[in-house]
file protein_3.pdb (PDB, C-alpha atoms)
ATOM      1  CA  MET A   1      11.979 -11.135   6.905
ATOM      2  CA  GLU A   2      11.239  -9.921   3.425
ATOM      3  CA  VAL A   3       9.640  -6.660   2.393
ATOM      4  CA  LEU A   4       6.305  -6.949   0.578
ATOM      5  CA  LEU A   5       5.422  -4.217  -1.917
ATOM      6  CA  PHE A   6       1.828  -4.068  -3.125
ATOM      7  CA  GLY A   7       1.203  -1.862  -6.150
ATOM      8  CA  HIS A   8       1.218  -1.989  -9.909
ATOM      9  CA  PRO A   9       3.935  -1.287 -12.493
ATOM     10  CA  LYS A  10       2.168   1.730 -14.025
ATOM     11  CA  SER A  11       2.021   3.552 -10.702
ATOM     12  CA  PRO A  12       4.838   6.134 -10.425
ATOM     13  CA  ALA A  13       4.837   5.841  -6.624
ATOM     14  CA  THR A  14       5.164   2.043  -6.832
ATOM     15  CA  ARG A  15       8.079   2.339  -9.250
ATOM     16  CA  LYS A  16       9.723   4.915  -6.980
ATOM     17  CA  ALA A  17       9.375   2.638  -3.941
ATOM     18  CA  SER A  18      10.760  -0.323  -5.863
ATOM     19  CA  ARG A  19      13.747   1.740  -6.979
ATOM     20  CA  TRP A  20      14.229   3.129  -3.429
ATOM     21  CA  PHE A  21      14.512  -0.380  -1.949
ATOM     22  CA  ALA A  22      16.684  -1.625  -4.837
ATOM     23  CA  GLU A  23      19.150   1.235  -4.297
ATOM     24  CA  ARG A  24      19.517   0.087  -0.700
ATOM     25  CA  ARG A  25      19.892  -3.561  -1.760
ATOM     26  CA  ILE A  26      16.842  -4.687   0.158
ATOM     27  CA  ASP A  27      15.050  -7.722  -1.267
ATOM     28  CA  VAL A  28      11.455  -6.920  -2.114
ATOM     29  CA  HIS A  29       8.645  -9.224  -3.119
ATOM     30  CA  GLU A  30       6.395  -7.200  -5.429
ATOM     31  CA  ARG A  31       2.732  -8.013  -5.914
ATOM     32  CA  ASP A  32       0.719  -6.522  -8.767
ATOM     33  CA  LEU A  33      -2.682  -5.569  -7.365
ATOM     34  CA  ARG A  34      -4.230  -5.527 -10.829
ATOM     35  CA  LYS A  35      -3.529  -9.243 -11.228
ATOM     36  CA  ARG A  36      -4.138 -10.299  -7.639
ATOM     37  CA  PRO A  37      -5.974  -7.834  -5.367
ATOM     38  CA  ALA A  38      -5.161  -7.596  -1.689
ATOM     39  CA  SER A  39      -7.429  -9.599   0.564
ATOM     40  CA  PRO A  40      -9.600  -7.839   3.149
ATOM     41  CA  LYS A  41      -7.468  -9.477   5.850
ATOM     42  CA  GLU A  42      -4.313  -8.004   4.324
ATOM     43  CA  LEU A  43      -5.919  -4.560   4.044
ATOM     44  CA  ARG A  44      -7.013  -4.843   7.673
ATOM     45  CA  ARG A  45      -3.322  -5.055   8.667
ATOM     46  CA  TRP A  46      -2.716  -1.550   7.292
ATOM     47  CA  ALA A  47      -6.050  -0.193   8.518
ATOM     48  CA  ASP A  48      -5.394  -1.358  12.091
ATOM     49  CA  ARG A  49      -2.192   0.673  12.183
ATOM     50  CA  LEU A  50      -2.996   3.680  10.003
ATOM     51  CA  GLY A  51      -6.788   3.796   9.702
ATOM     52  CA  ALA A  52      -8.763   2.756   6.647
ATOM     53  CA  GLU A  53      -9.033   6.302   5.303
ATOM     54  CA  ALA A  54      -5.221   6.473   5.053
ATOM     55  CA  LEU A  55      -5.447   3.704   2.431
ATOM     56  CA  VAL A  56      -7.820   5.651   0.181
ATOM     57  CA  ASP A  57      -6.378   7.622  -2.725
ATOM     58  CA  GLU A  58      -8.668  10.651  -2.833
ATOM     59  CA  THR A  59      -6.965  11.908  -6.010
ATOM     60  CA  SER A  60      -7.680   8.770  -8.054
ATOM     61  CA  LYS A  61     -10.079   8.803 -10.983
ATOM     62  CA  PRO A  62     -12.278   5.995  -9.550
ATOM     63  CA  PHE A  63     -12.639   7.950  -6.286
ATOM     64  CA  LYS A  64     -13.787  11.099  -8.084
ATOM     65  CA  ALA A  65     -15.909   9.274 -10.669
ATOM     66  CA  GLY A  66     -17.605   7.194  -7.986
ATOM     67  CA  GLY A  67     -18.689  10.284  -6.077
ATOM     68  CA  LEU A  68     -16.960   9.062  -2.926
ATOM     69  CA  THR A  69     -15.935  12.542  -1.790
ATOM     70  CA  TYR A  70     -19.060  13.016   0.291
ATOM     71  CA  LEU A  71     -19.434   9.414   1.372
ATOM     72  CA  SER A  72     -19.103   8.765   5.086
ATOM     73  CA  LEU A  73     -18.026   5.185   5.827
ATOM     74  CA  ASP A  74     -16.549   3.433   8.828
ATOM     75  CA  ASP A  75     -13.352   1.388   8.538
ATOM     76  CA  ASP A  76     -15.210  -1.797   7.589
ATOM     77  CA  GLY A  77     -17.097   0.011   4.841
ATOM     78  CA  TRP A  78     -13.902   1.446   3.392
ATOM     79  CA  LEU A  79     -12.165  -1.939   3.541
ATOM     80  CA  GLU A  80     -15.029  -3.535   1.603
ATOM     81  CA  ARG A  81     -14.789  -0.812  -1.062
ATOM     82  CA  LEU A  82     -10.996  -1.098  -1.261
ATOM     83  CA  ALA A  83     -11.094  -4.889  -1.570
ATOM     84  CA  ALA A  84     -13.694  -4.611  -4.336
ATOM     85  CA  ASP A  85     -11.840  -1.857  -6.236
ATOM     86  CA  PRO A  86      -8.041  -1.854  -5.750
ATOM     87  CA  LEU A  87      -7.771   1.272  -7.944
ATOM     88  CA  LEU A  88      -9.005   3.238  -4.915
ATOM     89  CA  LEU A  89      -5.885   2.301  -2.936
ATOM     90  CA  ARG A  90      -3.148   4.810  -2.218
ATOM     91  CA  LEU A  91      -0.082   3.074  -3.598
ATOM     92  CA  PRO A  92       2.282   1.563  -2.793
ATOM     93  CA  LEU A  93       1.430  -0.505   0.257
ATOM     94  CA  VAL A  94       4.668  -1.709   1.855
ATOM     95  CA  ARG A  95       5.158  -3.969   4.839
ATOM     96  CA  CYS A  96       7.686  -6.034   6.680
ATOM     97  CA  GLY A  97       6.207  -7.946   9.573
ATOM     98  CA  ASN A  98       4.133  -5.487  11.587
ATOM     99  CA  VAL A  99       5.769  -2.354  10.152
ATOM    100  CA  VAL A 100       3.671  -0.839   7.377
ATOM    101  CA  ALA A 101       3.822   2.153   5.026
ATOM    102  CA  VAL A 102       1.294   3.634   2.614
ATOM    103  CA  GLY A 103       1.936   5.908  -0.328
ATOM    104  CA  GLU A 104       5.037   7.795  -1.337
ATOM    105  CA  ASP A 105       6.697   8.178   2.068
ATOM    106  CA  PRO A 106      10.492   7.593   2.156
ATOM    107  CA  ALA A 107      10.604   8.063   5.951
ATOM    108  CA  ALA A 108       8.094   5.236   6.422
ATOM    109  CA  TRP A 109       9.957   3.147   3.835
ATOM    110  CA  GLN A 110      13.090   3.598   5.949
ATOM    111  CA  ALA A 111      11.239   2.208   8.980
ATOM    112  CA  VAL A 112      10.223  -0.814   6.884
ATOM    113  CA  ALA A 113      13.812  -1.221   5.663
ATOM    114  CA  ASP A 114      15.087  -1.044   9.246
ATOM    115  CA  ALA A 115      12.612  -3.745  10.268
ATOM    116  CA  ALA A 116      13.770  -5.936   7.373
ATOM    117  CA  GLN A 117      17.432  -5.528   8.308
ATOM    118  CA  GLU A 118      16.793  -6.306  11.991
ATOM    119  CA  ASP A 119      15.471  -9.731  11.029
ATOM    120  CA  ASP A 120      18.526 -10.630   8.928
TER     121      ASP A 120
END
call {"tool": "encode", "arguments": {"input": "protein_3.pdb", "output": "structure tokens"}}
result
Amino acid sequence: MEVLLFGHPKSPATRKASRWFAERRIDVHERDLRKRPASPKELRRWADRLGAEALVDETSKPFKAGGLTYLSLDDDGWLERLAADPLLLRLPLVRCGNVVAVGEDPAAWQAVADAAQEDD
């Protein structure tokens, strides 16, 4: 099974993840979220495993500018916001099958890589 990497080329964390997988010779299908945002169904996959708040980048400019710091939303509310504004996502989003990782987390990337190699 192939590894899917959701992010955008200007994101340092996305570039780092791409390089991390390339160094380990793991094939990655990259998807630029600026050109094609993740669907709510796709975001739900991460939220079911990690919680919707784990997908939110609280340090992003849109988060701060939108005044979302004091906003209290349930998972469905966050998923709607994230689907509408992908700049709120903590990047990169990485998955292989049911194994998912969010953000700059080499340990989680290793779990994704292990899942990809098991399927080969």
call {"tool": "resolve_selection", "arguments": {"input": "protein_3.pdb", "expression": "the PyMOL selection byres ((chain A and resi 22-34) around 9)", "output": "JSON, numbers by chain"}}
result
{"A": [2, 3, 4, 5, 6, 7, 8, 9, 17, 18, 19, 20, 21, 35, 36, 37, 38, 86, 87, 113, 116, 117]}
call {"tool": "resolve_selection", "arguments": {"input": "protein_3.pdb", "expression": "the PyMOL selection byres ((chain A and resi 49-61) around 9)", "output": "PyMOL selection string"}}
result
chain A and resi 43-48+62-66+68-69+74-79+82+87-91+93+98-103
call {"tool": "closest_residue", "arguments": {"input": "protein_3.pdb", "among": "A:Pro12, A:Pro40, A:Gly67, A:Pro92", "to": "Asp105 of chain A", "atoms": "all atoms listed in the file"}}
result
A:Pro92
call {"tool": "closest_residue", "arguments": {"input": "protein_3.pdb", "among": "A:Ser72, A:Thr14, A:Asp85, A:Met1", "to": "Ser39 of chain A", "atoms": "all atoms listed in the file"}}
result
A:Asp85
call {"tool": "atom_distance", "arguments": {"input": "protein_3.pdb", "atom1": "atom CA of Glu104 of chain A", "atom2": "atom CA of Ala13 of chain A"}}
result
5.6 Å
call {"tool": "atom_distance", "arguments": {"input": "protein_3.pdb", "atom1": "atom CA of Arg81 of chain A", "atom2": "atom CA of Glu42 of chain A"}}
result
13.8 Å
call {"tool": "closest_residue", "arguments": {"input": "protein_3.pdb", "among": "A:Lys41, A:Arg15, A:Arg95, A:Lys10", "to": "Gln110 of chain A", "atoms": "all atoms listed in the file"}}
result
A:Arg95
call {"tool": "closest_residue", "arguments": {"input": "protein_3.pdb", "among": "A:Leu71, A:Pro106, A:Val112, A:Glu118", "to": "Lys16 of chain A", "atoms": "only C-alpha atoms"}}
result
A:Pro106
call {"tool": "build_atoms", "arguments": {"input": "protein_3.pdb", "residues": "segment 29-63 of chain A", "atoms": "N, CA and C atoms", "output": "PDB file, in the frame of the given file"}}
result
ATOM      1  N   HIS A  29       9.574  -8.389  -2.372  1.00  0.00           N
ATOM      2  CA  HIS A  29       8.645  -9.224  -3.119  1.00  0.00           C
ATOM      3  C   HIS A  29       7.512  -8.310  -3.575  1.00  0.00           C
ATOM      4  N   GLU A  30       7.406  -8.105  -4.887  1.00  0.00           N
ATOM      5  CA  GLU A  30       6.395  -7.200  -5.429  1.00  0.00           C
ATOM      6  C   GLU A  30       5.155  -7.986  -5.840  1.00  0.00           C
ATOM      7  N   ARG A  31       4.003  -7.383  -5.559  1.00  0.00           N
ATOM      8  CA  ARG A  31       2.732  -8.013  -5.914  1.00  0.00           C
ATOM      9  C   ARG A  31       1.887  -7.006  -6.694  1.00  0.00           C
ATOM     10  N   ASP A  32       1.515  -7.374  -7.897  1.00  0.00           N
ATOM     11  CA  ASP A  32       0.719  -6.522  -8.767  1.00  0.00           C
ATOM     12  C   ASP A  32      -0.752  -6.641  -8.359  1.00  0.00           C
ATOM     13  N   LEU A  33      -1.303  -5.552  -7.844  1.00  0.00           N
ATOM     14  CA  LEU A  33      -2.682  -5.569  -7.365  1.00  0.00           C
ATOM     15  C   LEU A  33      -3.710  -5.666  -8.487  1.00  0.00           C
ATOM     16  N   ARG A  34      -3.298  -5.375  -9.709  1.00  0.00           N
ATOM     17  CA  ARG A  34      -4.230  -5.527 -10.829  1.00  0.00           C
ATOM     18  C   ARG A  34      -4.444  -6.998 -11.156  1.00  0.00           C
ATOM     19  N   LYS A  35      -3.430  -7.818 -10.941  1.00  0.00           N
ATOM     20  CA  LYS A  35      -3.529  -9.243 -11.228  1.00  0.00           C
ATOM     21  C   LYS A  35      -4.092 -10.015 -10.037  1.00  0.00           C
ATOM     22  N   ARG A  36      -3.711  -9.596  -8.851  1.00  0.00           N
ATOM     23  CA  ARG A  36      -4.138 -10.299  -7.639  1.00  0.00           C
ATOM     24  C   ARG A  36      -4.398  -9.269  -6.541  1.00  0.00           C
ATOM     25  N   PRO A  37      -5.654  -8.862  -6.369  1.00  0.00           N
ATOM     26  CA  PRO A  37      -5.974  -7.834  -5.367  1.00  0.00           C
ATOM     27  C   PRO A  37      -5.645  -8.287  -3.949  1.00  0.00           C
ATOM     28  N   ALA A  38      -5.426  -7.307  -3.100  1.00  0.00           N
ATOM     29  CA  ALA A  38      -5.161  -7.596  -1.689  1.00  0.00           C
ATOM     30  C   ALA A  38      -6.435  -8.118  -1.036  1.00  0.00           C
ATOM     31  N   SER A  39      -6.279  -9.051  -0.139  1.00  0.00           N
ATOM     32  CA  SER A  39      -7.429  -9.599   0.564  1.00  0.00           C
ATOM     33  C   SER A  39      -7.879  -8.614   1.645  1.00  0.00           C
ATOM     34  N   PRO A  40      -9.136  -8.706   2.060  1.00  0.00           N
ATOM     35  CA  PRO A  40      -9.600  -7.839   3.149  1.00  0.00           C
ATOM     36  C   PRO A  40      -8.767  -8.008   4.426  1.00  0.00           C
ATOM     37  N   LYS A  41      -8.306  -9.230   4.672  1.00  0.00           N
ATOM     38  CA  LYS A  41      -7.468  -9.477   5.850  1.00  0.00           C
ATOM     39  C   LYS A  41      -6.144  -8.726   5.742  1.00  0.00           C
ATOM     40  N   GLU A  42      -5.570  -8.722   4.544  1.00  0.00           N
ATOM     41  CA  GLU A  42      -4.313  -8.004   4.324  1.00  0.00           C
ATOM     42  C   GLU A  42      -4.528  -6.498   4.469  1.00  0.00           C
ATOM     43  N   LEU A  43      -5.609  -5.987   3.922  1.00  0.00           N
ATOM     44  CA  LEU A  43      -5.919  -4.560   4.044  1.00  0.00           C
ATOM     45  C   LEU A  43      -6.162  -4.176   5.497  1.00  0.00           C
ATOM     46  N   ARG A  44      -6.747  -5.096   6.253  1.00  0.00           N
ATOM     47  CA  ARG A  44      -7.013  -4.843   7.673  1.00  0.00           C
ATOM     48  C   ARG A  44      -5.704  -4.580   8.424  1.00  0.00           C
ATOM     49  N   ARG A  45      -4.623  -5.234   8.013  1.00  0.00           N
ATOM     50  CA  ARG A  45      -3.322  -5.055   8.667  1.00  0.00           C
ATOM     51  C   ARG A  45      -2.888  -3.590   8.607  1.00  0.00           C
ATOM     52  N   TRP A  46      -3.065  -2.974   7.431  1.00  0.00           N
ATOM     53  CA  TRP A  46      -2.716  -1.550   7.292  1.00  0.00           C
ATOM     54  C   TRP A  46      -3.721  -0.675   8.025  1.00  0.00           C
ATOM     55  N   ALA A  47      -4.999  -1.013   7.905  1.00  0.00           N
ATOM     56  CA  ALA A  47      -6.050  -0.193   8.518  1.00  0.00           C
ATOM     57  C   ALA A  47      -5.935  -0.188  10.040  1.00  0.00           C
ATOM     58  N   ASP A  48      -5.544  -1.305  10.632  1.00  0.00           N
ATOM     59  CA  ASP A  48      -5.394  -1.358  12.091  1.00  0.00           C
ATOM     60  C   ASP A  48      -4.302  -0.417  12.576  1.00  0.00           C
ATOM     61  N   ARG A  49      -3.302  -0.184  11.772  1.00  0.00           N
ATOM     62  CA  ARG A  49      -2.192   0.673  12.183  1.00  0.00           C
ATOM     63  C   ARG A  49      -2.356   2.124  11.749  1.00  0.00           C
ATOM     64  N   LEU A  50      -2.944   2.333  10.570  1.00  0.00           N
ATOM     65  CA  LEU A  50      -2.996   3.680  10.003  1.00  0.00           C
ATOM     66  C   LEU A  50      -4.406   4.232   9.836  1.00  0.00           C
ATOM     67  N   GLY A  51      -5.413   3.388   9.971  1.00  0.00           N
ATOM     68  CA  GLY A  51      -6.788   3.796   9.702  1.00  0.00           C
ATOM     69  C   GLY A  51      -7.131   3.518   8.249  1.00  0.00           C
ATOM     70  N   ALA A  52      -8.356   3.126   8.007  1.00  0.00           N
ATOM     71  CA  ALA A  52      -8.763   2.756   6.647  1.00  0.00           C
ATOM     72  C   ALA A  52      -8.723   3.943   5.697  1.00  0.00           C
ATOM     73  N   GLU A  53      -9.021   5.133   6.188  1.00  0.00           N
ATOM     74  CA  GLU A  53      -9.033   6.302   5.303  1.00  0.00           C
ATOM     75  C   GLU A  53      -7.635   6.647   4.801  1.00  0.00           C
ATOM     76  N   ALA A  54      -6.593   6.235   5.515  1.00  0.00           N
ATOM     77  CA  ALA A  54      -5.221   6.473   5.053  1.00  0.00           C
ATOM     78  C   ALA A  54      -4.902   5.634   3.822  1.00  0.00           C
ATOM     79  N   LEU A  55      -5.667   4.576   3.575  1.00  0.00           N
ATOM     80  CA  LEU A  55      -5.447   3.704   2.431  1.00  0.00           C
ATOM     81  C   LEU A  55      -6.128   4.208   1.162  1.00  0.00           C
ATOM     82  N   VAL A  56      -7.017   5.176   1.304  1.00  0.00           N
ATOM     83  CA  VAL A  56      -7.820   5.651   0.181  1.00  0.00           C
ATOM     84  C   VAL A  56      -7.083   6.759  -0.562  1.00  0.00           C
ATOM     85  N   ASP A  57      -6.977   6.602  -1.877  1.00  0.00           N
ATOM     86  CA  ASP A  57      -6.378   7.622  -2.725  1.00  0.00           C
ATOM     87  C   ASP A  57      -7.480   8.568  -3.195  1.00  0.00           C
ATOM     88  N   GLU A  58      -7.599   9.697  -2.531  1.00  0.00           N
ATOM     89  CA  GLU A  58      -8.668  10.651  -2.833  1.00  0.00           C
ATOM     90  C   GLU A  58      -8.431  11.400  -4.136  1.00  0.00           C
ATOM     91  N   THR A  59      -7.252  11.238  -4.737  1.00  0.00           N
ATOM     92  CA  THR A  59      -6.965  11.908  -6.010  1.00  0.00           C
ATOM     93  C   THR A  59      -7.173  10.977  -7.205  1.00  0.00           C
ATOM     94  N   SER A  60      -7.533   9.732  -6.956  1.00  0.00           N
ATOM     95  CA  SER A  60      -7.680   8.770  -8.054  1.00  0.00           C
ATOM     96  C   SER A  60      -8.953   9.039  -8.855  1.00  0.00           C
ATOM     97  N   LYS A  61      -8.916   8.642 -10.112  1.00  0.00           N
ATOM     98  CA  LYS A  61     -10.079   8.803 -10.983  1.00  0.00           C
ATOM     99  C   LYS A  61     -11.284   8.011 -10.481  1.00  0.00           C
ATOM    100  N   PRO A  62     -11.108   6.743 -10.041  1.00  0.00           N
ATOM    101  CA  PRO A  62     -12.278   5.995  -9.550  1.00  0.00           C
ATOM    102  C   PRO A  62     -12.912   6.649  -8.314  1.00  0.00           C
ATOM    103  N   PHE A  63     -12.101   7.283  -7.479  1.00  0.00           N
ATOM    104  CA  PHE A  63     -12.639   7.950  -6.286  1.00  0.00           C
ATOM    105  C   PHE A  63     -13.532   9.118  -6.702  1.00  0.00           C
TER     106      PHE A  63
END
